[in-house]
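*Asks:* Before anything else, here's the structure in question.
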Amino acid sequence: MRVAPGLRDLQLRHRGPVLDEADPGYDTARTSFNALLDRHPSIIARAACVKDVVAAVAFAQERGLAAAIRGGGHSVAGHSMCNGDMVVDLRLLRGVSVDPDRRRVAVGGGATWRDVDAPLVAQGLTMPGGTFDTTGVAGLTLGGGLGHLMGMQGLTLDRLVSAQVVLASGDVVVASAVEEPDLFWALRGGGGNFGVVTEFEFALEPLPQVFGGMITFGPAEFGDGVRLFRDVMDAAPDELTLMAYLADDLLHVTVCAVGDQVHWAEEVRRLRETLAVADDGLGLNSYLQIQVMQGDTPFGIRHYWKSHFVDALSDGLIDDIVEHYAGRAAGRQSSILIEPLHGQARRVPLEDAAWNRRDPGYNVSVLGHWRDPAIDDMEIAWVRSGSARIAAHARDGGGYLNYGAPDEPADRVRAAFGNTKYERLRAIKDLYDPDNLFRYNHNIPPASR
């Protein structure tokens with residue numbers, strides 16, 4: 001007997017596979033990035049075209065099911081999977097079409113940056129993408145998009161020109177600055193609250209020469225190393241973007257420098273010569289290598305992450321970060337990541353999009369990742385206590401929702417947008433998804449609710 005009532009009816013309307021628990025491929029299809037969340041949807045509809053998405057949304061409405069949207073499936077909070085309801089799985093929609101003359105690229109809603117980066121580089125073009133190439137294009141774009149090229153090109157969402165969206169009504173619209181402008185505003189930072197984005201169109205830039213890689217410092221340099229990272233980054237030109245993370249009992253600083261070295265040579269020299277360096281992996285590089293220099297974060301590991309935006313990396317905050325990292329249990333793999341909000345990413349007018357962070361500052365994230373279910377409570381407690389220490393240095397309670405934990409409370413979501421933008425997003429949600437069909441996200445409830 002089929003688990004999902006009416007499954008055959010959807011299969012007749014749907015070109016791609018439609019799975020329930022009786023299908024051999026069901027467990028593979030429901031596997032998510034975060035193994036902490038073992039969820040069992042009633043139906044997984046793997047769309048092969050936009051009409052499939054329309055059919056799946058209509059079926060969900062008819063059957064009273066909410067719909068989770070799976071793009072690349074990289075959601076730490078597990079939003080791309082659900083219990084009991086439907087998953088609209090876009091991973092078959094991962095086509096990439098580059099128009100080098102117009103400097104545009106069309107990207108399917110299920111693509112990852114691994115699908116995108118190579119075709120762009122082959123055409124001598126680029127755009128800011130995820131710092132892990134396994135990251136989904138959809139989730140990163142809709143939630144922000146901090147990346148190695150943000151200094152020169154802004155956030156990923158700043159490069160978005162238009163989006164094809166299947167609405168809760170089943171209508172298919174194209175949102176841009178001209179068509180459906182309120183929806184376009186909301187999509188750039190508001191997450192998957194407003195519809196299923198089946199295709200993104202991005203503006204591209206010529207691919208610059210890239211210098212970079214990773215430079216590493218040992219435990220004795222943790223405090224001074226983070227201060228050095230801060231001092232260099234605070235004064236860095238747009239051409240240079242650094243990120244820092246404490247992991248594997250080392251401080252790693254990633255470097256992406258583009259264009260003529262006259263703009264960034266002195267800052268790179270300071271990184272190399274101020275402190276004792278454990279490993280220097282910097283040099284002329286390809287952008288594709290920069291995109292994979294932090295390695296893969298494979299699916300199937302347990303994750304619990306929390307982040308806060310801070311205006312500055314004060315000495316007190318740096319001391320708290322280093323002390324908290326050093327105090328983790330021996331042998332644990334969890335880490336702390338520090339990302340700047342830098343260059344062009346800060347110059348876009350705040351009112352331009354739902355994204356609400358354009359001030360100078362840093363995103364500081366405590367990242368729990370482990371394999372053994374027996375230490376779930378310990379790892380989650382370590383992340384929460386570290387997050388609380390960072391929160392004491394933050395201006396508000398909002399963090400980077402792309403790194404949000406599964407249990408982020410509603411006030412954290414509101415804080416991420418601020419009251420004015422949050423209420424505007426609620427009004428837009430009311431217009432495009434009044435019944436909150438798309439609620440598996442850091443949810444923005446409709447104003448009428």
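Chains: A, B, ... in order of the structure tokens. Residues: from 1 per chain. Ligands: from 1, in order shown.
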Can you list, as a PyMOL selection string, every protein, DNA or RNA residue that comes within 6 Å of Leu142 of chain A when you count only C-alpha atoms, leaving out same-chain residues fewer than 6 positions away?
*Replies:* chain A and resi 187-189+191
*Asks:* Output N, CA and C atoms for every residue in the selection just made, as a CSV table (one decimal), in the first residue's frame.
*Replies:*
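The result, written out as again24.csv:
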chain,number,residue,atom,x,y,z
A,187,LEU,N,12.9,38.4,-2.5
A,187,LEU,CA,13.7,37.2,-2.8
A,187,LEU,C,15.2,37.5,-2.4
A,188,ARG,N,15.6,38.7,-2.5
A,188,ARG,CA,17.1,39.0,-2.3
A,188,ARG,C,17.3,39.2,-0.8
A,189,GLY,N,17.3,38.1,-0.1
A,189,GLY,CA,17.5,38.1,1.4
A,189,GLY,C,16.4,37.4,2.2
A,191,GLY,N,14.9,34.6,1.7
A,191,GLY,CA,14.9,33.1,1.7
A,191,GLY,C,13.8,32.6,0.8
*Asks:* Give me the segment 267-297 of chain A side of the contact with segment 116-140 of chain A, cut-off 8 Å, one line per residue showing its nearest atom pair and distance in Å at one decimal, counting only C-alpha atoms, sorted by chain and residue number, as a tab-separated table.
*Replies:*
residue	atom	partner	partner_atom	distance
A:Tyr287	CA	A:Val121	CA	7.8
A:Leu288	CA	A:Asp117	CA	6.8
A:Gln291	CA	A:Thr131	CA	5.8
A:Val292	CA	A:Phe132	CA	6.2
A:Gln294	CA	A:Phe132	CA	7.0
A:Gly295	CA	A:Phe132	CA	7.3
A:Asp296	CA	A:Phe132	CA	6.7
A:Thr297	CA	A:Phe132	CA	7.7
*Asks:* Between A:Val57, A:Ala45, A:Ala392, A:Leu65, which has the minimum distance to Asp89 of chain A (counting only C-alpha atoms)?
*Replies:*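 So, comparing all the options, the nearest one is A:Ala45.
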*Asks:* Between A:Gly64, A:Gly143, A:Gly25, A:Gly399, which has the minimum distance to Trp305 of chain A (counting only C-alpha atoms)?
*Replies:*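 Ranking A:Gly64, A:Gly143, A:Gly25, A:Gly399 by distance to Trp305 of chain A, first place goes to A:Gly399.
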*Asks:* Using only C-alpha atoms, pick whichever of A:Phe229, A:Tyr325, A:Tyr304, A:Trp382 has the shortest atom-to-atom distance to Leu250 of chain A.
*Replies:*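 The closest residue to Leu250 of chain A is A:Tyr325.
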*Asks:* Give me the residues within 8 Å of Cys82 of chain A as a list of chain:residue names, counting only C-alpha atoms and dropping any in the same chain fewer than 2 places off.
*Replies:*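 Surrounding residues, per the criterion: A:Arg39, A:His40, A:Pro41, A:Ala68, A:Gly78, A:His79, A:Ser80, A:Gly84, A:Asp85, A:Met86, A:Val87, A:Tyr440.
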*Asks:* Find the residues around Tyr26 of chain A up to 10 Å (only C-alpha atoms counted), leave out those fewer than 5 positions away in its own chain, and share them as a VMD selection string.
*Replies:* chain A and resid 18 to 21 31 40 to 41 43 to 44
*Asks:* Check the smallest atom-to-atom distance from each of A:Asp319, A:Glu423, A:Asp279, A:Asp433 to Asn193 of chain A using only C-alpha atoms, then report the winner.
*Replies:*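 Counting only C-alpha atoms, the residue closest to Asn193 of chain A is A:Asp433.
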*Asks:* With a distance cut-off of 8 Å and only C-alpha atoms, select the neighbouring residues of Arg412 of chain A, excluding the residue or stretch itself and same-chain residues fewer than 2 positions from it, and output the selection as a PyMOL selection string.
*Replies:* chain A and resi 397-399+408-410+414-416
*Asks:* From segment 282-388 of chain A, collect each residue whose DSSP state is strand (DSSP E) and return the set as a PyMOL selection string.
*Replies:* chain A and resi 283-285+302-310+335-341+361-370
*Asks:* Name the residues in contact with Gly404 of chain A at a cut-off of 7 Å, using only C-alpha atoms, excluding same-chain residues fewer than 5 positions from it; report them as a PyMOL selection string.
*Replies:* chain A and resi 76-77+305-307
*Asks:* Could you please take those selected residues and save N, CA and C atoms as a PDB file, in the first residue's frame?
*Replies:*
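Writing done, so here's again27.pdb:
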ATOM      1  N   VAL A  76      21.695  24.023   6.506  1.00  0.00           N
ATOM      2  CA  VAL A  76      22.115  23.567   7.836  1.00  0.00           C
ATOM      3  C   VAL A  76      20.901  23.360   8.730  1.00  0.00           C
ATOM      4  N   ALA A  77      19.908  24.219   8.560  1.00  0.00           N
ATOM      5  CA  ALA A  77      18.702  24.127   9.378  1.00  0.00           C
ATOM      6  C   ALA A  77      17.765  23.016   8.921  1.00  0.00           C
ATOM      7  N   TRP A 305      24.727  25.105  13.913  1.00  0.00           N
ATOM      8  CA  TRP A 305      25.471  26.347  13.711  1.00  0.00           C
ATOM      9  C   TRP A 305      24.675  27.531  14.259  1.00  0.00           C
ATOM     10  N   LYS A 306      25.400  28.541  14.736  1.00  0.00           N
ATOM     11  CA  LYS A 306      24.795  29.818  15.104  1.00  0.00           C
ATOM     12  C   LYS A 306      25.761  30.937  14.764  1.00  0.00           C
ATOM     13  N   SER A 307      25.212  32.065  14.298  1.00  0.00           N
ATOM     14  CA  SER A 307      26.075  33.183  13.918  1.00  0.00           C
ATOM     15  C   SER A 307      25.513  34.494  14.438  1.00  0.00           C
TER      16      SER A 307
END
*Asks:* How close does each residue of segment 195-220 of chain A get to segment 253-264 of chain A, giving the shortest atom pair and distance in Å to one decimal for every residue with an atom at most 10 Å away, counting only C-alpha atoms, sorted by chain and residue number, as a Markdown table?
*Replies:*
| residue | atom | partner | partner_atom | distance |
| --- | --- | --- | --- | --- |
| A:Leu207 | CA | A:Val258 | CA | 9.1 |
| A:Pro208 | CA | A:Gly259 | CA | 5.7 |
| A:Gln209 | CA | A:Gly259 | CA | 5.3 |
| A:Val210 | CA | A:Val258 | CA | 4.6 |
| A:Phe211 | CA | A:Ala257 | CA | 5.0 |
| A:Gly212 | CA | A:Cys256 | CA | 4.7 |
| A:Gly213 | CA | A:Val255 | CA | 5.3 |
| A:Met214 | CA | A:Thr254 | CA | 4.5 |
| A:Ile215 | CA | A:Val253 | CA | 5.4 |
| A:Thr216 | CA | A:Val253 | CA | 6.2 |
| A:Phe217 | CA | A:Val253 | CA | 8.3 |
*Asks:* I'd like the contact shell of Ala447 of chain A - 6 Å cut-off, only C-alpha atoms, skipping same-chain residues fewer than 5 positions apart - returned as an NGL selection string.
*Replies:* :A and (426-427 or 430)
*Asks:* Could you dump the residues just selected with C-alpha atoms as a PDB file, in the first residue's frame?
*Replies:*
ATOM      1  CA  ARG A 426       5.133  39.869   5.970  1.00  0.00           C
ATOM      2  CA  ALA A 427       2.961  41.992   3.670  1.00  0.00           C
ATOM      3  CA  ASP A 430       0.562  37.760   2.455  1.00  0.00           C
TER       4      ASP A 430
END
*Asks:* Report, in Å with one decimal, the straight-line distance from atom CA of Leu183 of chain A to atom CA of Gln153 of chain A.
*Replies:*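 According to the coordinates, atom CA of Leu183 of chain A and atom CA of Gln153 of chain A are separated by 22.8 Å.
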*Asks:* Could you jot down the atom CA of Ala236 of chain A to atom CA of Val161 of chain A separation for me, Å, one decimal place?
*Replies:* 28.2 Å
*Asks:* Distance atom CA of Gly16 of chain A-atom CA of Ala47 of chain A, one decimal place?
*Replies:*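 A separation of 5.0 Å between them.
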*Asks:* Considering only C-alpha atoms, state which residue in the set A:Leu228, A:Val105, A:Met81, A:Val196 is at the smallest distance from Gly170 of chain A.
*Replies:* A:Val196
*Asks:* Can you list every residue in segment 195-425 of chain A that DSSP puts in alpha helix (DSSP H), as an MDAnalysis selection string?
*Replies:* chainID A and resid 222:234 265:273 287:291 315:326 376:391 410:425
*Asks:* For Arg94 of chain A, which residue among A:Ala244, A:Ala48, A:Val54, A:Ala329 is the nearest when counting only C-alpha atoms?
*Replies:* A:Ala48
